[in-house]
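Report on the following structure.
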Amino acid sequence: MSHNIESTLIEERLFSPSDEFVKQARITPDKLQQLRAEADEDYTGFWANRANQEISWKTPFSDVLDESQAPHFRWFGDGELNISANCLDRHLETRGDKTAIIFEGEQGDTRHISYKVLHGEVCAMANALKSYGVRCGDRVVIYMPMTPEAVIAMQACARIGAIHSVVFGGFSAESLKDRIEDAGAKILITADGGHRGGKIVALKAAADAALKAGCPGIEKVIVLQRTQQPIEMQSGRDIWWHDAVANQAKTCEPEWVNSEHPLFLLYTSGSTGKPKGIQHASAGYLLGAITSCKWVFDLQEKDVFWCTADVGWITGHTYVAYGPLAVGGTIVIYEGAPTVPDSGRFWKLCQDHKVTIFYTAPTALRALMKLGDEIPNQYDLSSIRLLGTVGEPINPEAWMWYHTVIGKTRCPIVDTWWQTETGAHVIAPIPGATVTKPGSCTHALPGMDVDIVDEQGNSITAANQGGYLVIKKPWPAMLRNVWGDEQRYKETYWGMFDGKYYLAGDSARRDADGYFWIMGRIDDVLNVSGHRLGTMEIESALVANPLVAEAAVVGCPDEIKGEAVFAFVVLKDERPAGGVSDELTQQLRTWVGEQIGPIAKPDQMRFADNLPKTRSGKIMRRLLRTIAKGEEITQDTSTLENESILKQLQGIE
Ligand code: WTA
């Protein structure tokens, strides 16, 4: 951004929580004020108090925040704990028989798992992992369908201090291989398949392909039997999950780890072709997960909390596998697609399992909204008391639909801004205290120092002036590193403001009332259906195809997905006179699906003899974005090597 952007979107509607909601809320307006005052007065003391209250420590900490190795900050650095013990063991006495997980498969099979049973299953898997030689600090890759076993696998790793890296089941064999290799994993946990969209996702076949192509470090593959479809099991390497745990004890002494011990890696897209392994620590991450579950989701003893995210994303880590369990909640896990057998599935699940807190992505809401109110209106949604969204800006229209049709105007909506890197919510309403505005994530949480600054790092105080979203003080749930690439960690997040502020990579503005409005990414990252995709990753995938000489990928607005992938491609061979065949287009889309995953397939492709470049050879992305949007070109194009390609890029010729 070379100059500040003035925003024209001004939303005036205000929504206050009902008296009824406020009466039963954990955080009332008074309480929120107290929390803010406490954090303002003594920032580290504030977090130390929370850490003492919310975490069960094996060894208490005395050092709250160590900044000596900045930007590698250490929180509660001399404390010891175990994350799985915090999520399970500490509930056994008081909530042992309480349901921890309500599971529903896409085909309608259901299971209720109590804290006691979950604890036993986690321990058995932890023992199995140990028997295969997994030690504290070893990496385990998890590539599973959305089943309770995915959470069990993550918790089992946490129990023995192994570092998990979950790879979303929608990623291809190629992506899986890259992540396994980058993490240096020695165990892979997968499944024979999962049910999704009425089909079976062939996870084991993809895992086999990944291991065939590389991953020499993998010693064992543990395979959950979920779909019963025939798969190949390589003797000596592959073990069925049920065999692995068959003779294992249902107790396992937790490995007590240092607060800063890495809990997990999660790969996410950035500005280069290579995804980065975001590395999180233990205690600080857990604290962020717990406090946000209590503050933002108001999660209480009787709640049934359903976060629809897959464990392959950060949302599925913090608000499925860890946060809600750490506070002793009941969660819903649903395996499949929202449209099976029809588009009422989400609402039917809410009705059948009496969901009280529902958390999903705007893209899902927009897709379901389009189908009309009759579908949700067929279900009893009266159990719901709080709604949430995450992953991308929610347009006011979808917000209002969520509020009226799903929440029946009763339920506050929490629009939560955060990132893989932040570990937990950063900017979000406190439902019993914050007056919300449709489309705004409102204010920073207590203990979070968030600001909007200009290129020099000066605070932008003028209303509705866009700038860089930054976090000015370290916070407990923050990332600690990029796995194996410290340089990238420093450059990406701390380079722009000389190590002083964390650069989120989003632009944002504050309105006259001080509400935050997220405007979009400032880097080459797209947000497609709430999922981060690097344009460079898709470009590298395209040029890896033998037919492709060059490619440039940009985002273009999409009513449902938020952003769609638009690829401009130059072929090695001459462009056919009658245009490129649909077959070839299809072939390239499939190729990208194989290289990265189906979510990365370009929605639109345009072929040209060249890409628009400046004299120095830089691709004029702004121009491509204009073309992708179908807008008139107002930029100066006189520096183009070959102006006639504009017509090709616009699809006119
Ligand atoms: C975007 C997902 C607007 C943002 C938790 C951020 C949002 C990126 C919101 C992180 C929101 C997330 N409003 N934009 N409430 N939440 N984003 O790492 O651009 O998958 O930088 O984490 O999603 O995506 P990630």
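Chains: A, B, ... in order of the structure tokens. Residues: from 1 per chain. Ligands: from 1, in order shown.
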Neighbours of ligand 1 at 7 Å or closer, counting only C-alpha atoms and all ligand atoms: which residues, as a CSV table (one decimal) with all heavy atoms, in the first residue's frame?
chain,number,residue,atom,x,y,z
A,268,THR,N,0.8,-23.2,6.6
A,268,THR,CA,-0.2,-22.3,6.0
A,268,THR,C,0.5,-21.5,4.9
A,268,THR,O,1.7,-21.5,4.8
A,268,THR,CB,-0.7,-21.3,7.1
A,268,THR,OG1,-1.8,-20.5,6.5
A,268,THR,CG2,0.3,-20.4,7.6
A,313,TRP,N,-7.3,-27.3,9.9
A,313,TRP,CA,-7.1,-25.8,10.0
A,313,TRP,C,-6.9,-25.4,11.4
A,313,TRP,O,-7.3,-26.1,12.4
A,313,TRP,CB,-8.3,-25.1,9.4
A,313,TRP,CG,-8.7,-25.6,8.1
A,313,TRP,CD1,-9.8,-26.3,7.8
A,313,TRP,CD2,-8.0,-25.4,6.8
A,313,TRP,NE1,-9.9,-26.6,6.4
A,313,TRP,CE2,-8.8,-26.1,5.8
A,313,TRP,CE3,-6.8,-24.8,6.5
A,313,TRP,CZ2,-8.3,-26.2,4.5
A,313,TRP,CZ3,-6.4,-24.9,5.1
A,313,TRP,CH2,-7.2,-25.5,4.2
A,314,ILE,N,-6.4,-24.2,11.6
A,314,ILE,CA,-6.2,-23.7,13.0
A,314,ILE,C,-7.5,-23.7,13.8
A,314,ILE,O,-7.5,-24.0,15.0
A,314,ILE,CB,-5.4,-22.3,13.0
A,314,ILE,CG1,-5.0,-22.0,14.4
A,314,ILE,CG2,-6.3,-21.2,12.5
A,314,ILE,CD1,-3.9,-22.8,15.0
A,315,THR,N,-8.6,-23.3,13.2
A,315,THR,CA,-9.8,-23.2,13.9
A,315,THR,C,-10.2,-24.6,14.5
A,315,THR,O,-10.7,-24.7,15.6
A,315,THR,CB,-10.9,-22.7,13.0
A,315,THR,OG1,-10.5,-21.5,12.3
A,315,THR,CG2,-12.2,-22.4,13.7
A,389,THR,N,-18.6,-16.4,13.7
A,389,THR,CA,-18.0,-16.6,12.3
A,389,THR,C,-16.5,-16.4,12.4
A,389,THR,O,-16.0,-15.7,13.3
A,389,THR,CB,-18.6,-15.6,11.3
A,389,THR,OG1,-18.1,-14.3,11.6
A,389,THR,CG2,-20.1,-15.6,11.3
A,390,VAL,N,-15.8,-16.9,11.4
A,390,VAL,CA,-14.4,-16.8,11.3
A,390,VAL,C,-13.9,-17.1,9.9
A,390,VAL,O,-14.5,-17.7,9.1
A,390,VAL,CB,-13.7,-17.9,12.2
A,390,VAL,CG1,-14.1,-19.3,11.9
A,390,VAL,CG2,-12.2,-17.7,12.2
A,391,GLY,N,-12.7,-16.5,9.6
A,391,GLY,CA,-12.0,-16.9,8.4
A,391,GLY,C,-12.0,-15.8,7.3
A,391,GLY,O,-11.0,-15.8,6.5
A,392,GLU,N,-12.9,-14.9,7.3
A,392,GLU,CA,-13.0,-13.9,6.3
A,392,GLU,C,-14.0,-12.9,6.7
A,392,GLU,O,-14.8,-13.2,7.6
A,392,GLU,CB,-13.4,-14.5,4.9
A,392,GLU,CG,-14.6,-15.4,5.1
A,392,GLU,CD,-15.1,-16.0,3.8
A,392,GLU,OE1,-15.1,-15.4,2.8
A,392,GLU,OE2,-15.7,-17.1,3.9
A,393,PRO,N,-14.0,-11.7,6.1
A,393,PRO,CA,-15.0,-10.7,6.5
A,393,PRO,C,-16.4,-11.3,6.1
A,393,PRO,O,-16.6,-12.0,5.1
A,393,PRO,CB,-14.6,-9.6,5.6
A,393,PRO,CG,-13.2,-9.8,5.1
A,393,PRO,CD,-13.0,-11.3,5.1
A,394,ILE,N,-17.3,-11.0,7.0
A,394,ILE,CA,-18.7,-11.4,6.7
A,394,ILE,C,-19.4,-10.1,6.2
A,394,ILE,O,-19.3,-9.1,6.8
A,394,ILE,CB,-19.4,-12.0,7.9
A,394,ILE,CG1,-20.8,-12.4,7.6
A,394,ILE,CG2,-19.4,-11.1,9.2
A,394,ILE,CD1,-21.5,-13.4,8.5
A,415,ASP,N,-18.1,-12.2,15.6
A,415,ASP,CA,-17.2,-12.2,14.4
A,415,ASP,C,-15.8,-12.1,14.8
A,415,ASP,O,-15.3,-11.1,15.4
A,415,ASP,CB,-17.6,-11.0,13.5
A,415,ASP,CG,-16.7,-10.8,12.3
A,415,ASP,OD1,-15.7,-11.6,12.1
A,415,ASP,OD2,-17.0,-10.0,11.4
A,416,THR,N,-15.1,-13.3,14.7
A,416,THR,CA,-13.8,-13.4,15.4
A,416,THR,C,-12.6,-13.2,14.4
A,416,THR,O,-12.5,-14.0,13.4
A,416,THR,CB,-13.7,-14.8,16.0
A,416,THR,OG1,-13.8,-15.8,15.0
A,416,THR,CG2,-14.8,-14.9,17.1
A,417,TRP,N,-11.8,-12.2,14.5
A,417,TRP,CA,-10.6,-12.1,13.7
A,417,TRP,C,-9.4,-12.7,14.4
A,417,TRP,O,-9.1,-12.4,15.5
A,417,TRP,CB,-10.3,-10.6,13.3
A,417,TRP,CG,-9.1,-10.6,12.5
A,417,TRP,CD1,-9.1,-10.6,11.1
A,417,TRP,CD2,-7.7,-10.5,12.9
A,417,TRP,NE1,-7.8,-10.6,10.6
A,417,TRP,CE2,-6.9,-10.5,11.7
A,417,TRP,CE3,-7.1,-10.4,14.1
A,417,TRP,CZ2,-5.5,-10.5,11.7
A,417,TRP,CZ3,-5.7,-10.4,14.1
A,417,TRP,CH2,-4.9,-10.4,12.9
A,418,TRP,N,-8.7,-13.6,13.7
A,418,TRP,CA,-7.5,-14.2,14.2
A,418,TRP,C,-6.8,-14.9,13.0
A,418,TRP,O,-7.3,-14.9,11.9
A,418,TRP,CB,-7.7,-15.1,15.4
A,418,TRP,CG,-8.6,-16.2,15.2
A,418,TRP,CD1,-10.0,-16.2,14.9
A,418,TRP,CD2,-8.3,-17.6,15.4
A,418,TRP,NE1,-10.5,-17.5,14.8
A,418,TRP,CE2,-9.5,-18.4,15.1
A,418,TRP,CE3,-7.1,-18.3,15.7
A,418,TRP,CZ2,-9.5,-19.8,15.2
A,418,TRP,CZ3,-7.2,-19.7,15.8
A,418,TRP,CH2,-8.3,-20.4,15.5
A,419,GLN,N,-5.7,-15.6,13.3
A,419,GLN,CA,-5.0,-16.3,12.2
A,419,GLN,C,-4.3,-17.5,12.8
A,419,GLN,O,-4.1,-17.7,14.0
A,419,GLN,CB,-3.8,-15.4,11.8
A,419,GLN,CG,-4.2,-14.0,11.4
A,419,GLN,CD,-3.0,-13.1,11.0
A,419,GLN,OE1,-2.2,-12.8,11.9
A,419,GLN,NE2,-2.9,-12.8,9.8
A,420,THR,N,-3.8,-18.4,11.9
A,420,THR,CA,-3.0,-19.5,12.2
A,420,THR,C,-1.9,-19.1,13.2
A,420,THR,O,-1.6,-19.7,14.2
A,420,THR,CB,-2.4,-20.2,11.0
A,420,THR,OG1,-3.5,-20.5,10.1
A,420,THR,CG2,-1.7,-21.4,11.3
A,421,GLU,N,-1.3,-18.0,12.9
A,421,GLU,CA,-0.2,-17.5,13.6
A,421,GLU,C,-0.6,-16.9,15.0
A,421,GLU,O,0.2,-17.0,15.9
A,421,GLU,CB,0.5,-16.3,12.9
A,421,GLU,CG,1.1,-16.7,11.6
A,421,GLU,CD,0.2,-16.7,10.3
A,421,GLU,OE1,-1.0,-16.7,10.6
A,421,GLU,OE2,0.7,-16.7,9.2
A,441,CYS,N,-15.5,-7.0,13.4
A,441,CYS,CA,-15.1,-7.9,14.4
A,441,CYS,C,-14.9,-7.1,15.7
A,441,CYS,O,-14.5,-7.7,16.7
A,441,CYS,CB,-13.8,-8.7,14.0
A,441,CYS,SG,-12.5,-7.6,13.3
A,504,ALA,N,0.4,-8.5,10.7
A,504,ALA,CA,-0.6,-9.6,10.5
A,504,ALA,C,-0.7,-10.0,9.0
A,504,ALA,O,-1.1,-11.1,8.7
A,504,ALA,CB,-2.0,-9.2,11.1
A,505,GLY,N,-0.5,-9.0,8.1
A,505,GLY,CA,-0.6,-9.2,6.7
A,505,GLY,C,-2.0,-8.9,6.2
A,505,GLY,O,-2.4,-9.1,5.1
A,506,ASP,N,-2.8,-8.2,7.1
A,506,ASP,CA,-4.2,-7.8,6.7
A,506,ASP,C,-4.2,-6.2,6.7
A,506,ASP,O,-3.4,-5.6,7.5
A,506,ASP,CB,-5.2,-8.2,7.7
A,506,ASP,CG,-5.7,-9.7,7.5
A,506,ASP,OD1,-5.0,-10.4,6.7
A,506,ASP,OD2,-6.7,-10.1,8.1
A,518,ILE,N,-12.0,-5.4,9.0
A,518,ILE,CA,-10.9,-6.0,8.2
A,518,ILE,C,-11.1,-5.8,6.7
A,518,ILE,O,-12.3,-6.0,6.3
A,518,ILE,CB,-10.8,-7.5,8.5
A,518,ILE,CG1,-10.7,-7.8,10.0
A,518,ILE,CG2,-9.7,-8.2,7.7
A,518,ILE,CD1,-9.4,-7.2,10.7
A,520,GLY,N,-8.8,-6.8,4.1
A,520,GLY,CA,-8.3,-7.9,3.2
A,520,GLY,C,-6.8,-8.1,3.4
A,520,GLY,O,-6.2,-7.3,4.2
A,521,ARG,N,-6.2,-9.0,2.7
A,521,ARG,CA,-4.8,-9.3,2.8
A,521,ARG,C,-4.0,-8.2,2.0
A,521,ARG,O,-4.4,-7.7,1.0
A,521,ARG,CB,-4.5,-10.6,2.2
A,521,ARG,CG,-5.2,-11.8,2.9
A,521,ARG,CD,-4.6,-12.2,4.2
A,521,ARG,NE,-3.2,-12.4,4.1
A,521,ARG,CZ,-2.5,-12.8,5.2
A,521,ARG,NH1,-3.1,-13.1,6.3
A,521,ARG,NH2,-1.2,-13.0,5.1
A,527,ASN,N,-8.0,-15.6,0.0
A,527,ASN,CA,-8.9,-16.2,1.0
A,527,ASN,C,-10.1,-16.8,0.3
A,527,ASN,O,-11.0,-16.2,0.0
A,527,ASN,CB,-9.3,-15.2,2.0
A,527,ASN,CG,-9.9,-15.8,3.2
A,527,ASN,OD1,-10.5,-16.9,3.1
A,527,ASN,ND2,-9.8,-15.2,4.4
A,530,GLY,N,-12.7,-19.0,3.0
A,530,GLY,CA,-12.1,-19.0,4.3
A,530,GLY,C,-10.8,-19.7,4.4
A,530,GLY,O,-10.2,-19.8,5.5
A,531,HIS,N,-10.3,-20.2,3.3
A,531,HIS,CA,-9.0,-20.9,3.4
A,531,HIS,C,-7.9,-20.1,2.7
A,531,HIS,O,-8.1,-19.6,1.6
A,531,HIS,CB,-9.1,-22.3,2.7
A,531,HIS,CG,-10.1,-23.2,3.4
A,531,HIS,ND1,-10.2,-23.2,4.7
A,531,HIS,CD2,-11.0,-24.0,2.9
A,531,HIS,CE1,-11.2,-24.1,5.0
A,531,HIS,NE2,-11.7,-24.5,3.9
A,532,ARG,N,-6.7,-20.1,3.4
A,532,ARG,CA,-5.6,-19.3,2.8
A,532,ARG,C,-4.9,-20.1,1.7
A,532,ARG,O,-4.5,-21.2,1.9
A,532,ARG,CB,-4.6,-19.0,3.9
A,532,ARG,CG,-5.0,-17.8,4.7
A,532,ARG,CD,-4.2,-17.8,6.0
A,532,ARG,NE,-2.8,-17.5,5.8
A,532,ARG,CZ,-2.0,-17.1,6.8
A,532,ARG,NH1,-2.5,-17.1,8.0
A,532,ARG,NH2,-0.7,-16.9,6.6
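The environment of A:Ala398 within 7 Å, counting only C-alpha atoms and disregarding residues fewer than 3 places along the same chain, consists of A:Leu365, A:Arg366, A:Ile394, A:Asn395, A:Trp401, A:Tyr402.
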Restricting the output to N, CA, C and O atoms, write the selected residues as a PDB file, in the first residue's frame.
ATOM      1  N   LEU A 365     -22.191 -19.785   5.273  1.00  0.00           N
ATOM      2  CA  LEU A 365     -23.444 -19.062   5.492  1.00  0.00           C
ATOM      3  C   LEU A 365     -23.979 -18.490   4.193  1.00  0.00           C
ATOM      4  O   LEU A 365     -25.171 -18.569   3.905  1.00  0.00           O
ATOM      5  N   ARG A 366     -23.066 -17.932   3.377  1.00  0.00           N
ATOM      6  CA  ARG A 366     -23.529 -17.354   2.112  1.00  0.00           C
ATOM      7  C   ARG A 366     -24.120 -18.425   1.213  1.00  0.00           C
ATOM      8  O   ARG A 366     -25.140 -18.209   0.566  1.00  0.00           O
ATOM      9  N   ILE A 394     -17.316 -11.000   7.020  1.00  0.00           N
ATOM     10  CA  ILE A 394     -18.696 -11.389   6.712  1.00  0.00           C
ATOM     11  C   ILE A 394     -19.409 -10.149   6.197  1.00  0.00           C
ATOM     12  O   ILE A 394     -19.333  -9.080   6.806  1.00  0.00           O
ATOM     13  N   ASN A 395     -20.064 -10.309   5.062  1.00  0.00           N
ATOM     14  CA  ASN A 395     -20.778  -9.162   4.506  1.00  0.00           C
ATOM     15  C   ASN A 395     -22.032  -8.928   5.337  1.00  0.00           C
ATOM     16  O   ASN A 395     -22.649  -9.868   5.830  1.00  0.00           O
ATOM     17  N   TRP A 401     -28.731 -12.125   7.875  1.00  0.00           N
ATOM     18  CA  TRP A 401     -29.443 -13.403   7.666  1.00  0.00           C
ATOM     19  C   TRP A 401     -29.162 -14.355   8.834  1.00  0.00           C
ATOM     20  O   TRP A 401     -30.078 -14.980   9.381  1.00  0.00           O
ATOM     21  N   TYR A 402     -27.915 -14.427   9.209  1.00  0.00           N
ATOM     22  CA  TYR A 402     -27.489 -15.270  10.338  1.00  0.00           C
ATOM     23  C   TYR A 402     -28.252 -14.833  11.599  1.00  0.00           C
ATOM     24  O   TYR A 402     -28.799 -15.651  12.339  1.00  0.00           O
TER      25      TYR A 402
END
Neighbouring residues of A:Gly329 were defined as those with any atom within 8 Å, considering only C-alpha atoms; residues of the same chain fewer than 2 positions away were excluded. Please report them as a list in words. Ala100, Leu299, Gln300, Glu301, Lys302, Asp303, Val304, Phe305, Pro324, Leu325, Ala326, Val327 and Ile331 of chain A
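Counting only C-alpha atoms, the residue from A:Thr590, A:Pro362, A:Leu445, A:Val140 that sits nearest to A:Ser292 is A:Leu445.
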For atom CA of A:Tyr501 and atom CA of A:Ala361, determine how far apart the two atoms are, in Å to one decimal place.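 Distance reported for this atom pair: 28.1 Å.
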Name the residues in contact with A:His280 at a cut-off of 12 Å, using only C-alpha atoms, excluding same-chain residues fewer than 4 positions from it; report them as an mmCIF file with C-alpha atoms, in the first residue's frame.
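Result went into part19.cif, see below:
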data_model
loop_
_atom_site.group_PDB
_atom_site.id
_atom_site.type_symbol
_atom_site.label_atom_id
_atom_site.label_comp_id
_atom_site.auth_asym_id
_atom_site.auth_seq_id
_atom_site.Cartn_x
_atom_site.Cartn_y
_atom_site.Cartn_z
ATOM 1 C CA HIS A 72 11.218 -15.455 19.860
ATOM 2 C CA PHE A 73 9.229 -14.617 22.942
ATOM 3 C CA ARG A 74 8.978 -17.028 25.852
ATOM 4 C CA TRP A 75 5.866 -17.107 28.005
ATOM 5 C CA ILE A 163 4.761 -32.482 17.935
ATOM 6 C CA HIS A 164 1.815 -33.047 15.627
ATOM 7 C CA SER A 165 1.290 -31.569 12.238
ATOM 8 C CA SER A 259 5.744 -24.210 28.665
ATOM 9 C CA GLU A 260 7.640 -23.415 25.502
ATOM 10 C CA HIS A 261 7.790 -26.997 24.220
ATOM 11 C CA PRO A 262 6.331 -27.007 20.678
ATOM 12 C CA LEU A 263 2.808 -28.419 20.716
ATOM 13 C CA PHE A 264 2.240 -28.481 16.991
ATOM 14 C CA LEU A 265 3.168 -27.283 13.528
ATOM 15 C CA LEU A 266 0.495 -26.206 11.109
ATOM 16 C CA TYR A 267 1.386 -25.352 7.551
ATOM 17 C CA GLY A 284 0.681 -19.840 25.940
ATOM 18 C CA TYR A 285 -1.324 -21.485 23.187
ATOM 19 C CA LEU A 286 -3.478 -23.350 25.688
ATOM 20 C CA GLY A 288 -5.257 -18.319 24.497
ATOM 21 C CA ILE A 314 -6.157 -23.718 12.989
ATOM 22 C CA HIS A 317 -7.120 -27.053 16.497
ATOM 23 C CA THR A 318 -8.037 -24.272 18.888
ATOM 24 C CA THR A 420 -3.042 -19.537 12.237
ATOM 25 C CA GLU A 421 -0.192 -17.453 13.620
ATOM 26 C CA THR A 422 -2.125 -15.815 16.445
ATOM 27 C CA GLY A 423 -3.256 -19.181 17.828
ATOM 28 C CA ALA A 424 -6.504 -17.833 19.221
ATOM 29 C CA PRO A 476 0.809 -15.863 24.977
ATOM 30 C CA ALA A 477 -0.828 -17.761 22.069
ATOM 31 C CA MET A 478 1.422 -16.245 19.399
ATOM 32 C CA LEU A 479 3.469 -18.378 17.015
ATOM 33 C CA ARG A 480 7.050 -18.976 18.067
ATOM 34 C CA ASN A 481 8.765 -19.671 14.782
ATOM 35 C CA VAL A 482 8.466 -20.944 11.229
ATOM 36 C CA TRP A 483 9.637 -24.534 11.422
#
Enter the distance from atom CA of A:Ala541 to atom CA of A:Gln595, in Å, rounded to one decimal. 6.1 Å
In Å, how far is it from atom CA of A:Asp451 to atom CA of A:Lys472?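 Rounded to one decimal, the two atoms are 7.1 Å apart.
For the residues A:Gln465, A:Asn82, A:Thr291, A:Thr339, ranking by smallest atom-to-atom distance to A:Arg50 using only C-alpha atoms places A:Thr291 first.
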Check stretch 325-365 of chain A with DSSP on the backbone and list each residue it calls strand (DSSP E), as a short mmCIF file (atom, residue, chain, number, x, y, z; two decimals) with all heavy atoms, in the first residue's frame.
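The file below, states_29.cif, is the result:
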data_model
loop_
_atom_site.label_atom_id
_atom_site.label_comp_id
_atom_site.auth_asym_id
_atom_site.auth_seq_id
_atom_site.Cartn_x
_atom_site.Cartn_y
_atom_site.Cartn_z
N THR A 330 -18.73 -29.69 25.96
CA THR A 330 -19.20 -30.77 25.08
C THR A 330 -19.13 -30.23 23.66
O THR A 330 -19.68 -29.17 23.38
CB THR A 330 -20.65 -31.15 25.41
OG1 THR A 330 -20.69 -31.65 26.75
CG2 THR A 330 -21.18 -32.20 24.45
N ILE A 331 -18.44 -30.96 22.78
CA ILE A 331 -18.34 -30.49 21.41
C ILE A 331 -19.04 -31.44 20.45
O ILE A 331 -19.21 -32.63 20.74
CB ILE A 331 -16.86 -30.33 20.95
CG1 ILE A 331 -16.08 -31.65 21.04
CG2 ILE A 331 -16.17 -29.22 21.72
CD1 ILE A 331 -14.71 -31.59 20.38
N VAL A 332 -19.42 -30.89 19.31
CA VAL A 332 -19.97 -31.71 18.23
C VAL A 332 -18.90 -31.82 17.16
O VAL A 332 -18.21 -30.84 16.85
CB VAL A 332 -21.24 -31.05 17.63
CG1 VAL A 332 -21.69 -31.78 16.36
CG2 VAL A 332 -22.36 -31.04 18.66
N ILE A 333 -18.72 -33.03 16.64
CA ILE A 333 -17.85 -33.23 15.49
C ILE A 333 -18.69 -33.85 14.39
O ILE A 333 -19.37 -34.87 14.62
CB ILE A 333 -16.65 -34.15 15.83
CG1 ILE A 333 -15.72 -33.47 16.83
CG2 ILE A 333 -15.88 -34.53 14.56
CD1 ILE A 333 -14.50 -34.31 17.21
N TYR A 334 -18.69 -33.24 13.23
CA TYR A 334 -19.44 -33.78 12.09
C TYR A 334 -18.45 -34.07 10.98
O TYR A 334 -17.61 -33.24 10.64
CB TYR A 334 -20.50 -32.77 11.65
CG TYR A 334 -21.15 -33.12 10.33
CD1 TYR A 334 -21.79 -34.35 10.15
CD2 TYR A 334 -21.13 -32.22 9.25
CE1 TYR A 334 -22.37 -34.68 8.94
CE2 TYR A 334 -21.72 -32.54 8.04
CZ TYR A 334 -22.33 -33.78 7.88
OH TYR A 334 -22.90 -34.10 6.67
N ILE A 357 -24.04 -23.31 20.92
CA ILE A 357 -23.12 -22.33 20.34
C ILE A 357 -22.65 -22.87 18.99
O ILE A 357 -22.15 -24.00 18.91
CB ILE A 357 -21.90 -22.09 21.25
CG1 ILE A 357 -22.35 -21.70 22.67
CG2 ILE A 357 -20.97 -21.02 20.66
CD1 ILE A 357 -21.23 -21.68 23.69
N PHE A 358 -22.84 -22.09 17.96
CA PHE A 358 -22.55 -22.55 16.60
C PHE A 358 -21.56 -21.60 15.95
O PHE A 358 -21.76 -20.38 15.95
CB PHE A 358 -23.86 -22.60 15.80
CG PHE A 358 -23.70 -23.05 14.37
CD1 PHE A 358 -23.35 -24.36 14.08
CD2 PHE A 358 -23.91 -22.16 13.32
CE1 PHE A 358 -23.21 -24.78 12.76
CE2 PHE A 358 -23.77 -22.57 12.00
CZ PHE A 358 -23.42 -23.88 11.72
N TYR A 359 -20.47 -22.16 15.42
CA TYR A 359 -19.35 -21.35 14.91
C TYR A 359 -19.00 -21.84 13.52
O TYR A 359 -18.65 -23.01 13.36
CB TYR A 359 -18.18 -21.55 15.86
CG TYR A 359 -16.95 -20.68 15.68
CD1 TYR A 359 -17.03 -19.33 15.39
CD2 TYR A 359 -15.68 -21.24 15.89
CE1 TYR A 359 -15.88 -18.55 15.28
CE2 TYR A 359 -14.52 -20.46 15.78
CZ TYR A 359 -14.63 -19.12 15.48
OH TYR A 359 -13.49 -18.36 15.39
N THR A 360 -19.10 -20.98 12.52
CA THR A 360 -18.82 -21.43 11.15
C THR A 360 -18.22 -20.29 10.32
O THR A 360 -17.95 -19.22 10.83
CB THR A 360 -20.09 -22.03 10.50
OG1 THR A 360 -19.73 -22.81 9.38
CG2 THR A 360 -21.07 -20.94 10.07
#
Best match for closeness to A:Asn610 among A:Glu594, A:Asp19, A:Leu640, A:Ala628, counting only C-alpha atoms: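 Smallest distance to A:Asn610 is found for A:Leu640.
With distances restricted to only C-alpha atoms, A:Tyr489 is the closest residue to A:Gly277 from A:Phe607, A:Tyr115, A:Tyr489, A:Tyr319.
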Close residues, stretch 453-464 of chain A itself excluded, 6 Å, only C-alpha atoms, min 3 positions apart in chain, as a VMD selection string: chain A and resid 7 467 to 468 509 to 512
Could you write out, as an MDAnalysis selection string, all the residues of stretch 20-88 of chain A that DSSP marks as helix (DSSP H, G or I)? chainID A and resid 20:24 29:41 43:54 83:87
Can you tell me, as a list in words, what residues are no more than 12 Å from A:Pro376 when counting only C-alpha atoms, ignoring any on the same chain fewer than 4 positions away?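 Close residues of A:Pro376: Asp342, Ser343, Gly344, Arg345, Phe346, Trp347, Lys348, Leu349, Cys350, Gln351, Leu365, Leu368, Met369, Lys370, Leu371, Gly372, Asp380, Leu381, Ser382, Trp401, Tyr402, Thr404, Val405, Ile406, Gly407 and Lys408 of chain A.
Using only C-alpha atoms, the protein and nucleic acid residues lying no more than 10 Å from A:Phe46, apart from those fewer than 4 places from it along its own chain, are Leu35, Arg36, Ala37, Glu38, Ala39, Asp40, Glu41, Asp42, Arg50, Ala51, Pro446 and Gly447 of chain A.
Shortest atom-to-atom contact with A:Leu623 among A:Thr436, A:Asn258, A:Thr409, A:Gln650: A:Gln650, counting only C-alpha atoms.
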